[in-house]
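To keep things clear, I will list the structure first and then write my remarks on it.
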Amino acid sequence: MRRFSRIWTISLISAILPTTGCLFRTRPVEDQYSKAPLQESTQQGLIDSINQQAEAIQTLKATVDIDSSAGGMKKGHVTDYKEIRGYVLARKPDSLHMIGLMPFVRTTAFDMVSDGREFKLWIPPKNKFVVGENKTVSVNTDQPMESIRPQNIYEALLIRYIDPKTEIAVKENGYETLHDAKGHRVLQDDYELTVIRREGDQGILSRKIIFGRTDLKPHQQFIYDEKGNVVTDAKYAQYKDFGGFTFPSRIEIYRPQEEYDITLNMLKVEINSPLKDDQFVLQQPAGAQVVRIDHPQSSLVVPIGNQ
């Protein structure tokens, strides 16, 4: 009897649905799948592609145009800085020197270096010289430039080697959202390589690298802190040949905790040119105020002559 009642109910609904428009509505699907031809790769193939590039590139010298922004929900507004000319030097294993010039007048907007452990940042418009260890976290939404660490730029610029001795990488099939020529959303399959760092008998989420399926190149990299929070979201686009090396000509680096975004548009890139030690040295300018981010707040800013 119960089975007969269920069949009768389904038949009644089926008879009613075509005669009324109040029970359902049909609408078009907004997202469409990309029809671009896709390439295949294995988990080990993706790991090998990262490691081969990481081993091949030992130094990088680039002339860049920099677009940046600072601010967000914490600050309540966003300030954009456009078309700053810059110069970047990077050398394995952890050295970086980056200079940004003010628009039009070409005076120094910032100058920063890092050896992987310590960093120095010179901000001439504010007459401040910021020094400290890379691991020291100092988020100042009122002075976002002081939160920039050269090491964060380095880690996004040169994707690190995946070490099988200390890391495990696992491939996942996912998809990325793109936009076609008319601005419509397009879904396209991708590969997502999650890198987990071994620490004792535990595993800690370290990175996630997103590969496009049309070229099998890294399109995005997420870098996490010890608590699993995203600290860097780097996007890679417009790959070009630079002296026999395929390298992105546009890199966008977003730091959500500090609320700043830096986009590097590569105008000229030299890979594996010799770089000397003195190219990664930054001296304290006379008369500058020194900001020591690893000191107590009361002693953060002191005249350089008082040290």
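Please note that chains go A, B, ... in the order of the structure tokens, that every chain numbers its residues from 1, and that ligands are numbered from 1 in the order shown.
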Quick one: residues within 12 Å of A:Ile153, only C-alpha atoms, excluding same-chain residues fewer than 3 positions away - as a compact mmCIF listing (two decimals) with all heavy atoms, in the first residue's frame?
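Below you can see result17.txt, which holds the result:
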```
# COMPACT_ATOMS: atom_id res chain seq x y z
N VAL A 88 66.07 44.10 -9.63
CA VAL A 88 66.08 42.95 -8.73
C VAL A 88 67.31 42.09 -9.00
O VAL A 88 67.61 41.76 -10.15
CB VAL A 88 64.81 42.08 -8.90
CG1 VAL A 88 64.85 40.88 -7.96
CG2 VAL A 88 63.55 42.89 -8.67
N LEU A 89 68.02 41.74 -7.92
CA LEU A 89 69.12 40.79 -7.98
C LEU A 89 68.79 39.65 -7.02
O LEU A 89 68.43 39.89 -5.87
CB LEU A 89 70.45 41.44 -7.56
CG LEU A 89 70.94 42.64 -8.36
CD1 LEU A 89 72.22 43.18 -7.73
CD2 LEU A 89 71.18 42.27 -9.81
N ALA A 90 68.90 38.42 -7.50
CA ALA A 90 68.67 37.26 -6.64
C ALA A 90 69.77 36.24 -6.88
O ALA A 90 70.19 36.02 -8.02
CB ALA A 90 67.31 36.63 -6.93
N ASP A 94 69.83 32.31 -0.79
CA ASP A 94 68.79 33.14 -0.19
C ASP A 94 68.99 34.64 -0.35
O ASP A 94 68.31 35.41 0.32
CB ASP A 94 68.67 32.84 1.32
CG ASP A 94 68.11 31.47 1.60
OD1 ASP A 94 66.95 31.20 1.22
OD2 ASP A 94 68.84 30.65 2.18
N SER A 95 69.92 35.08 -1.17
CA SER A 95 70.25 36.50 -1.23
C SER A 95 69.36 37.24 -2.22
O SER A 95 69.11 36.75 -3.33
CB SER A 95 71.72 36.68 -1.63
OG SER A 95 72.58 36.12 -0.67
N LEU A 96 68.92 38.43 -1.80
CA LEU A 96 68.10 39.27 -2.68
C LEU A 96 68.42 40.74 -2.44
O LEU A 96 68.62 41.16 -1.30
CB LEU A 96 66.61 39.03 -2.46
CG LEU A 96 65.72 39.84 -3.42
CD1 LEU A 96 64.90 38.92 -4.31
CD2 LEU A 96 64.81 40.79 -2.67
N HIS A 97 68.47 41.51 -3.52
CA HIS A 97 68.62 42.96 -3.46
C HIS A 97 67.61 43.56 -4.44
O HIS A 97 67.60 43.21 -5.61
CB HIS A 97 70.04 43.37 -3.84
CG HIS A 97 70.34 44.81 -3.55
ND1 HIS A 97 71.59 45.36 -3.69
CD2 HIS A 97 69.54 45.85 -3.11
CE1 HIS A 97 71.57 46.64 -3.37
NE2 HIS A 97 70.32 46.95 -3.02
N MET A 98 66.76 44.44 -3.93
CA MET A 98 65.71 45.02 -4.76
C MET A 98 65.63 46.51 -4.51
O MET A 98 65.60 46.96 -3.36
CB MET A 98 64.36 44.35 -4.45
CG MET A 98 63.21 44.84 -5.29
SD MET A 98 61.72 43.84 -4.98
CE MET A 98 60.50 44.73 -5.93
N MET A 112 66.25 47.43 -0.54
CA MET A 112 66.26 46.40 0.48
C MET A 112 67.12 45.21 0.07
O MET A 112 67.22 44.88 -1.11
CB MET A 112 64.83 45.93 0.79
CG MET A 112 64.06 45.35 -0.36
SD MET A 112 62.35 44.97 0.14
CE MET A 112 61.69 44.30 -1.39
N VAL A 113 67.75 44.59 1.07
CA VAL A 113 68.59 43.41 0.85
C VAL A 113 68.28 42.38 1.92
O VAL A 113 67.77 42.69 2.99
CB VAL A 113 70.10 43.76 0.88
CG1 VAL A 113 70.46 44.77 -0.18
CG2 VAL A 113 70.51 44.25 2.27
N SER A 114 68.63 41.12 1.61
CA SER A 114 68.47 40.04 2.58
C SER A 114 69.47 38.94 2.25
O SER A 114 69.76 38.68 1.08
CB SER A 114 67.05 39.47 2.55
OG SER A 114 66.95 38.31 3.37
N GLY A 116 68.84 35.94 3.69
CA GLY A 116 68.05 34.78 4.07
C GLY A 116 67.76 34.73 5.56
O GLY A 116 66.75 34.17 5.99
N PHE A 119 67.64 41.11 7.23
CA PHE A 119 67.32 42.00 6.13
C PHE A 119 67.56 43.44 6.54
O PHE A 119 67.60 43.79 7.73
CB PHE A 119 65.86 41.82 5.69
CG PHE A 119 64.87 42.51 6.59
CD1 PHE A 119 64.41 43.79 6.30
CD2 PHE A 119 64.40 41.88 7.73
CE1 PHE A 119 63.51 44.42 7.14
CE2 PHE A 119 63.50 42.50 8.57
CZ PHE A 119 63.06 43.78 8.27
N ASN A 134 64.50 38.01 9.33
CA ASN A 134 63.37 37.71 8.46
C ASN A 134 62.21 37.05 9.21
O ASN A 134 61.05 37.25 8.88
CB ASN A 134 63.81 36.80 7.31
CG ASN A 134 64.60 37.54 6.25
OD1 ASN A 134 64.22 38.61 5.81
ND2 ASN A 134 65.73 36.97 5.86
N ILE A 148 57.41 44.88 4.64
CA ILE A 148 57.94 44.14 3.51
C ILE A 148 59.25 43.46 3.90
O ILE A 148 60.12 44.07 4.52
CB ILE A 148 58.16 45.08 2.30
CG1 ILE A 148 56.82 45.62 1.80
CG2 ILE A 148 58.87 44.34 1.17
CD1 ILE A 148 56.96 46.61 0.66
N ARG A 149 59.38 42.20 3.54
CA ARG A 149 60.61 41.46 3.77
C ARG A 149 61.17 41.00 2.43
O ARG A 149 60.46 40.36 1.64
CB ARG A 149 60.35 40.24 4.66
CG ARG A 149 59.75 40.57 6.00
CD ARG A 149 60.75 41.26 6.91
NE ARG A 149 60.13 41.62 8.17
CZ ARG A 149 59.58 42.81 8.40
NH1 ARG A 149 59.59 43.73 7.46
NH2 ARG A 149 59.02 43.09 9.56
N PRO A 150 62.45 41.28 2.17
CA PRO A 150 63.04 40.80 0.92
C PRO A 150 62.90 39.29 0.73
O PRO A 150 62.75 38.81 -0.39
CB PRO A 150 64.51 41.21 1.05
CG PRO A 150 64.51 42.34 2.03
CD PRO A 150 63.39 42.05 2.98
N ALA A 156 58.82 34.00 -3.53
CA ALA A 156 57.83 34.02 -4.61
C ALA A 156 58.50 34.08 -5.97
O ALA A 156 58.01 33.49 -6.95
CB ALA A 156 56.90 35.22 -4.44
N LEU A 157 59.63 34.77 -6.05
CA LEU A 157 60.32 34.96 -7.32
C LEU A 157 60.92 33.66 -7.84
O LEU A 157 60.77 33.31 -9.01
CB LEU A 157 61.42 36.02 -7.14
CG LEU A 157 62.18 36.47 -8.38
CD1 LEU A 157 61.25 37.23 -9.33
CD2 LEU A 157 63.35 37.35 -7.98
N LEU A 158 61.60 32.93 -6.96
CA LEU A 158 62.26 31.67 -7.32
C LEU A 158 61.63 30.54 -6.52
O LEU A 158 61.88 30.39 -5.32
CB LEU A 158 63.76 31.75 -7.04
CG LEU A 158 64.54 32.83 -7.81
CD1 LEU A 158 66.00 32.83 -7.37
CD2 LEU A 158 64.44 32.61 -9.32
N ILE A 159 60.79 29.74 -7.18
CA ILE A 159 60.10 28.65 -6.49
C ILE A 159 61.14 27.64 -6.01
O ILE A 159 61.99 27.18 -6.77
CB ILE A 159 59.08 27.98 -7.43
CG1 ILE A 159 58.02 28.99 -7.85
CG2 ILE A 159 58.43 26.78 -6.73
CD1 ILE A 159 56.99 28.44 -8.81
N ILE A 223 52.06 29.98 -0.02
CA ILE A 223 53.04 29.65 1.01
C ILE A 223 52.37 29.84 2.37
O ILE A 223 51.71 30.86 2.59
CB ILE A 223 54.30 30.54 0.89
CG1 ILE A 223 54.95 30.34 -0.49
CG2 ILE A 223 55.30 30.20 1.99
CD1 ILE A 223 56.13 31.25 -0.75
N VAL A 231 50.42 32.99 3.94
CA VAL A 231 51.20 34.21 4.16
C VAL A 231 51.61 34.86 2.85
O VAL A 231 51.85 36.07 2.79
CB VAL A 231 52.43 33.95 5.05
CG1 VAL A 231 52.00 33.63 6.47
CG2 VAL A 231 53.29 32.84 4.48
N THR A 232 51.73 34.06 1.79
CA THR A 232 52.05 34.59 0.46
C THR A 232 51.19 33.89 -0.58
O THR A 232 51.07 32.67 -0.58
CB THR A 232 53.53 34.37 0.11
OG1 THR A 232 54.36 35.07 1.04
CG2 THR A 232 53.84 34.88 -1.30
N ASP A 233 50.59 34.69 -1.45
CA ASP A 233 49.84 34.19 -2.60
C ASP A 233 50.51 34.79 -3.84
O ASP A 233 50.37 35.98 -4.12
CB ASP A 233 48.38 34.62 -2.50
CG ASP A 233 47.54 34.20 -3.70
OD1 ASP A 233 48.10 33.60 -4.64
OD2 ASP A 233 46.33 34.49 -3.72
N ALA A 234 51.28 33.97 -4.56
CA ALA A 234 52.03 34.44 -5.72
C ALA A 234 51.41 33.89 -7.00
O ALA A 234 51.13 32.69 -7.09
CB ALA A 234 53.49 34.03 -5.62
N ILE A 251 54.75 38.64 -12.30
CA ILE A 251 54.63 37.94 -11.02
C ILE A 251 53.93 38.86 -10.04
O ILE A 251 54.39 39.98 -9.79
CB ILE A 251 56.00 37.53 -10.46
CG1 ILE A 251 56.74 36.62 -11.45
CG2 ILE A 251 55.84 36.83 -9.11
CD1 ILE A 251 58.14 36.25 -11.02
N GLU A 252 52.80 38.40 -9.51
CA GLU A 252 52.05 39.18 -8.52
C GLU A 252 52.20 38.52 -7.16
O GLU A 252 51.92 37.33 -7.00
CB GLU A 252 50.58 39.26 -8.90
CG GLU A 252 49.75 40.08 -7.92
CD GLU A 252 48.27 40.16 -8.29
OE1 GLU A 252 47.95 39.80 -9.44
OE2 GLU A 252 47.47 40.56 -7.44
N ILE A 253 52.65 39.27 -6.18
CA ILE A 253 52.91 38.76 -4.84
C ILE A 253 51.97 39.47 -3.86
O ILE A 253 52.08 40.68 -3.65
CB ILE A 253 54.37 39.00 -4.43
CG1 ILE A 253 55.32 38.39 -5.47
CG2 ILE A 253 54.65 38.42 -3.05
CD1 ILE A 253 56.75 38.85 -5.34
N TYR A 254 51.07 38.70 -3.27
CA TYR A 254 50.12 39.26 -2.31
C TYR A 254 50.40 38.70 -0.93
O TYR A 254 50.53 37.49 -0.75
CB TYR A 254 48.68 38.94 -2.73
CG TYR A 254 47.64 39.41 -1.73
CD1 TYR A 254 47.59 40.74 -1.32
CD2 TYR A 254 46.71 38.51 -1.21
CE1 TYR A 254 46.64 41.17 -0.40
CE2 TYR A 254 45.76 38.94 -0.29
CZ TYR A 254 45.73 40.27 0.11
OH TYR A 254 44.79 40.69 1.02
N ARG A 255 50.50 39.59 0.06
CA ARG A 255 50.73 39.22 1.45
C ARG A 255 49.49 39.60 2.25
O ARG A 255 49.30 40.76 2.64
CB ARG A 255 51.96 39.94 1.99
CG ARG A 255 53.26 39.56 1.30
CD ARG A 255 53.82 38.27 1.82
NE ARG A 255 54.16 38.37 3.24
CZ ARG A 255 54.66 37.36 3.95
NH1 ARG A 255 54.84 36.17 3.40
NH2 ARG A 255 54.96 37.53 5.22
N TYR A 260 49.56 43.95 1.66
CA TYR A 260 50.20 44.65 0.55
C TYR A 260 50.36 43.70 -0.63
O TYR A 260 50.41 42.48 -0.48
CB TYR A 260 51.54 45.29 0.95
CG TYR A 260 52.69 44.34 1.19
CD1 TYR A 260 53.40 43.77 0.13
CD2 TYR A 260 53.10 44.03 2.48
CE1 TYR A 260 54.46 42.93 0.35
CE2 TYR A 260 54.18 43.19 2.71
CZ TYR A 260 54.85 42.64 1.63
OH TYR A 260 55.91 41.79 1.86
N ASP A 261 50.41 44.29 -1.81
CA ASP A 261 50.48 43.55 -3.06
C ASP A 261 51.56 44.18 -3.93
O ASP A 261 51.59 45.41 -4.10
CB ASP A 261 49.11 43.61 -3.75
CG ASP A 261 49.07 42.82 -5.06
OD1 ASP A 261 49.74 43.24 -6.02
OD2 ASP A 261 48.36 41.82 -5.12
N ILE A 262 52.45 43.37 -4.47
CA ILE A 262 53.50 43.84 -5.36
C ILE A 262 53.46 43.03 -6.65
O ILE A 262 53.50 41.80 -6.61
CB ILE A 262 54.89 43.72 -4.71
CG1 ILE A 262 55.00 44.62 -3.48
CG2 ILE A 262 55.99 44.07 -5.71
CD1 ILE A 262 56.32 44.50 -2.76
N THR A 263 53.34 43.71 -7.78
CA THR A 263 53.37 43.05 -9.08
C THR A 263 54.64 43.46 -9.81
O THR A 263 54.92 44.65 -9.97
CB THR A 263 52.14 43.43 -9.92
OG1 THR A 263 50.95 43.00 -9.25
CG2 THR A 263 52.19 42.76 -11.29
N LEU A 264 55.41 42.46 -10.24
CA LEU A 264 56.64 42.68 -10.97
C LEU A 264 56.41 42.36 -12.45
O LEU A 264 56.11 41.22 -12.80
CB LEU A 264 57.77 41.79 -10.42
CG LEU A 264 58.05 41.88 -8.91
CD1 LEU A 264 59.15 40.89 -8.53
CD2 LEU A 264 58.44 43.30 -8.52
```
- Find the residues around A:Gly228 up to 12 Å (only C-alpha atoms counted), leave out those fewer than 4 positions away in its own chain, and share them as a ChimeraX atom specification. /A:196-197,203-208,222-224,232
- List every residue of stretch 52-178 of chain A that DSSP, applied to the backbone of this structure, assigns to strand (DSSP E), and report them as a ChimeraX atom specification. /A:59-71,78-91,95-101,108-114,118-123,128-133,167-178
- Query: Which residues, written as number ranges by chain, have at least one atom at most 12 Å from A:Gln44, with only C-alpha atoms counted and residues fewer than 5 positions away on the same chain left out?
  - Reply: A: 49-52, 162, 164, 168-171, 193
Return as a short mmCIF file (atom, residue, chain, number, x, y, z; two decimals) with N, CA and C atoms, in the first residue's frame the full set of residues in stretch 81-307 of chain A whose backbone-based DSSP assignment is helix (DSSP H, G or I).
```
data_model
loop_
_atom_site.label_atom_id
_atom_site.label_comp_id
_atom_site.auth_asym_id
_atom_site.auth_seq_id
_atom_site.Cartn_x
_atom_site.Cartn_y
_atom_site.Cartn_z
N PRO A 124 63.95 56.11 1.80
CA PRO A 124 64.36 57.53 1.80
C PRO A 124 63.22 58.52 2.02
N PRO A 125 62.01 58.35 1.42
CA PRO A 125 60.95 59.34 1.66
C PRO A 125 60.57 59.50 3.13
N LYS A 126 60.79 58.46 3.93
CA LYS A 126 60.49 58.52 5.38
C LYS A 126 61.76 58.61 6.21
N PRO A 144 52.84 50.15 5.90
CA PRO A 144 52.96 48.83 5.26
C PRO A 144 54.32 48.57 4.65
N MET A 145 55.02 49.60 4.21
CA MET A 145 56.34 49.41 3.63
C MET A 145 57.31 48.76 4.62
N GLU A 146 57.15 49.07 5.92
CA GLU A 146 58.02 48.52 6.94
C GLU A 146 57.75 47.03 7.18
N SER A 147 56.64 46.52 6.67
CA SER A 147 56.32 45.11 6.82
C SER A 147 56.89 44.25 5.69
N PRO A 150 62.45 41.28 2.17
CA PRO A 150 63.04 40.80 0.92
C PRO A 150 62.90 39.29 0.73
N GLN A 151 62.92 38.55 1.84
CA GLN A 151 62.84 37.10 1.74
C GLN A 151 61.49 36.66 1.17
N ASN A 152 60.42 37.41 1.46
CA ASN A 152 59.11 37.08 0.89
C ASN A 152 59.11 37.25 -0.62
N ILE A 153 59.80 38.28 -1.10
CA ILE A 153 59.93 38.49 -2.54
C ILE A 153 60.73 37.34 -3.15
N TYR A 154 61.82 36.98 -2.50
CA TYR A 154 62.70 35.91 -2.99
C TYR A 154 61.93 34.59 -3.13
N GLU A 155 61.18 34.22 -2.10
CA GLU A 155 60.47 32.94 -2.11
C GLU A 155 59.42 32.86 -3.20
N ALA A 156 58.82 34.00 -3.53
CA ALA A 156 57.83 34.02 -4.61
C ALA A 156 58.50 34.08 -5.97
N LEU A 157 59.63 34.77 -6.05
CA LEU A 157 60.32 34.96 -7.32
C LEU A 157 60.92 33.66 -7.84
N ASP A 277 79.43 39.56 -4.08
CA ASP A 277 78.94 39.74 -2.71
C ASP A 277 78.56 41.20 -2.44
N ASP A 278 79.37 42.15 -2.96
CA ASP A 278 79.10 43.55 -2.65
C ASP A 278 77.83 44.08 -3.31
N GLN A 279 77.24 43.30 -4.22
CA GLN A 279 75.97 43.69 -4.83
C GLN A 279 74.78 43.40 -3.90
N PHE A 280 75.06 42.75 -2.76
CA PHE A 280 74.02 42.44 -1.79
C PHE A 280 74.32 43.11 -0.45
N GLN A 297 59.09 48.05 21.59
CA GLN A 297 58.47 49.20 20.92
C GLN A 297 59.10 50.52 21.34
N SER A 298 59.51 50.66 22.62
CA SER A 298 60.05 51.92 23.10
C SER A 298 61.37 52.29 22.45
N SER A 299 62.08 51.29 21.88
CA SER A 299 63.37 51.57 21.29
C SER A 299 63.40 51.29 19.80
N ILE A 304 70.65 57.33 13.96
CA ILE A 304 71.76 56.46 13.61
C ILE A 304 73.01 56.81 14.40
N GLY A 305 73.18 58.07 14.79
CA GLY A 305 74.36 58.49 15.51
C GLY A 305 74.39 58.03 16.95
N ASN A 306 73.26 57.51 17.47
CA ASN A 306 73.19 57.11 18.88
C ASN A 306 73.47 55.63 19.09
#
```
- Distance query A:Lys61 at most 9 Å, only C-alpha atoms, self and fewer than 4 positions along chain excluded, as a PyMOL selection string: chain A and resi 87-91+268-273+275
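Neighbours of stretch 99-106 of chain A closer than or equal to 8 Å, with only C-alpha atoms counted and sequence neighbours fewer than 3 positions away skipped, come out as Ile66, Glu83, Ile84, Arg85, Gly86, Tyr87, Val88, Ala109, Phe110, Asp111 and Met112 of chain A.
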Selected residues written out with C-alpha atoms, as an mmCIF file, in the first residue's frame:
```
data_model
loop_
_atom_site.group_PDB
_atom_site.id
_atom_site.type_symbol
_atom_site.label_atom_id
_atom_site.label_comp_id
_atom_site.auth_asym_id
_atom_site.auth_seq_id
_atom_site.Cartn_x
_atom_site.Cartn_y
_atom_site.Cartn_z
ATOM 1 C CA ILE A 66 56.445 47.593 -10.191
ATOM 2 C CA GLU A 83 54.705 52.259 -12.556
ATOM 3 C CA ILE A 84 57.656 52.276 -10.196
ATOM 4 C CA ARG A 85 60.835 51.272 -12.036
ATOM 5 C CA GLY A 86 62.799 48.647 -10.148
ATOM 6 C CA TYR A 87 65.861 46.429 -10.221
ATOM 7 C CA VAL A 88 66.081 42.946 -8.729
ATOM 8 C CA ALA A 109 61.593 54.895 -3.179
ATOM 9 C CA PHE A 110 63.035 51.900 -1.338
ATOM 10 C CA ASP A 111 66.175 49.773 -1.245
ATOM 11 C CA MET A 112 66.259 46.395 0.482
#
```
- Quick one: of A:Gln257, A:Gln284, A:Thr194, A:Thr107, who's nearest to A:Ile47, counting only C-alpha atoms? A:Thr194
- Contacts of A:Pro37 at 10 Å or less, counting only C-alpha atoms, minus same-chain residues fewer than 6 places along, as number ranges by chain? A: 213-215
Export of prior selection with N, CA and C atoms as an mmCIF file, in the first residue's frame:
```
data_model
loop_
_atom_site.group_PDB
_atom_site.id
_atom_site.type_symbol
_atom_site.label_atom_id
_atom_site.label_comp_id
_atom_site.auth_asym_id
_atom_site.auth_seq_id
_atom_site.Cartn_x
_atom_site.Cartn_y
_atom_site.Cartn_z
ATOM 1 N N ARG A 213 47.098 23.489 -17.028
ATOM 2 C CA ARG A 213 47.100 22.276 -17.837
ATOM 3 C C ARG A 213 47.399 22.549 -19.305
ATOM 4 N N THR A 214 47.396 23.802 -19.719
ATOM 5 C CA THR A 214 47.713 24.098 -21.120
ATOM 6 C C THR A 214 49.219 24.139 -21.363
ATOM 7 N N ASP A 215 50.013 24.450 -20.317
ATOM 8 C CA ASP A 215 51.460 24.553 -20.486
ATOM 9 C C ASP A 215 52.252 23.812 -19.412
#
```
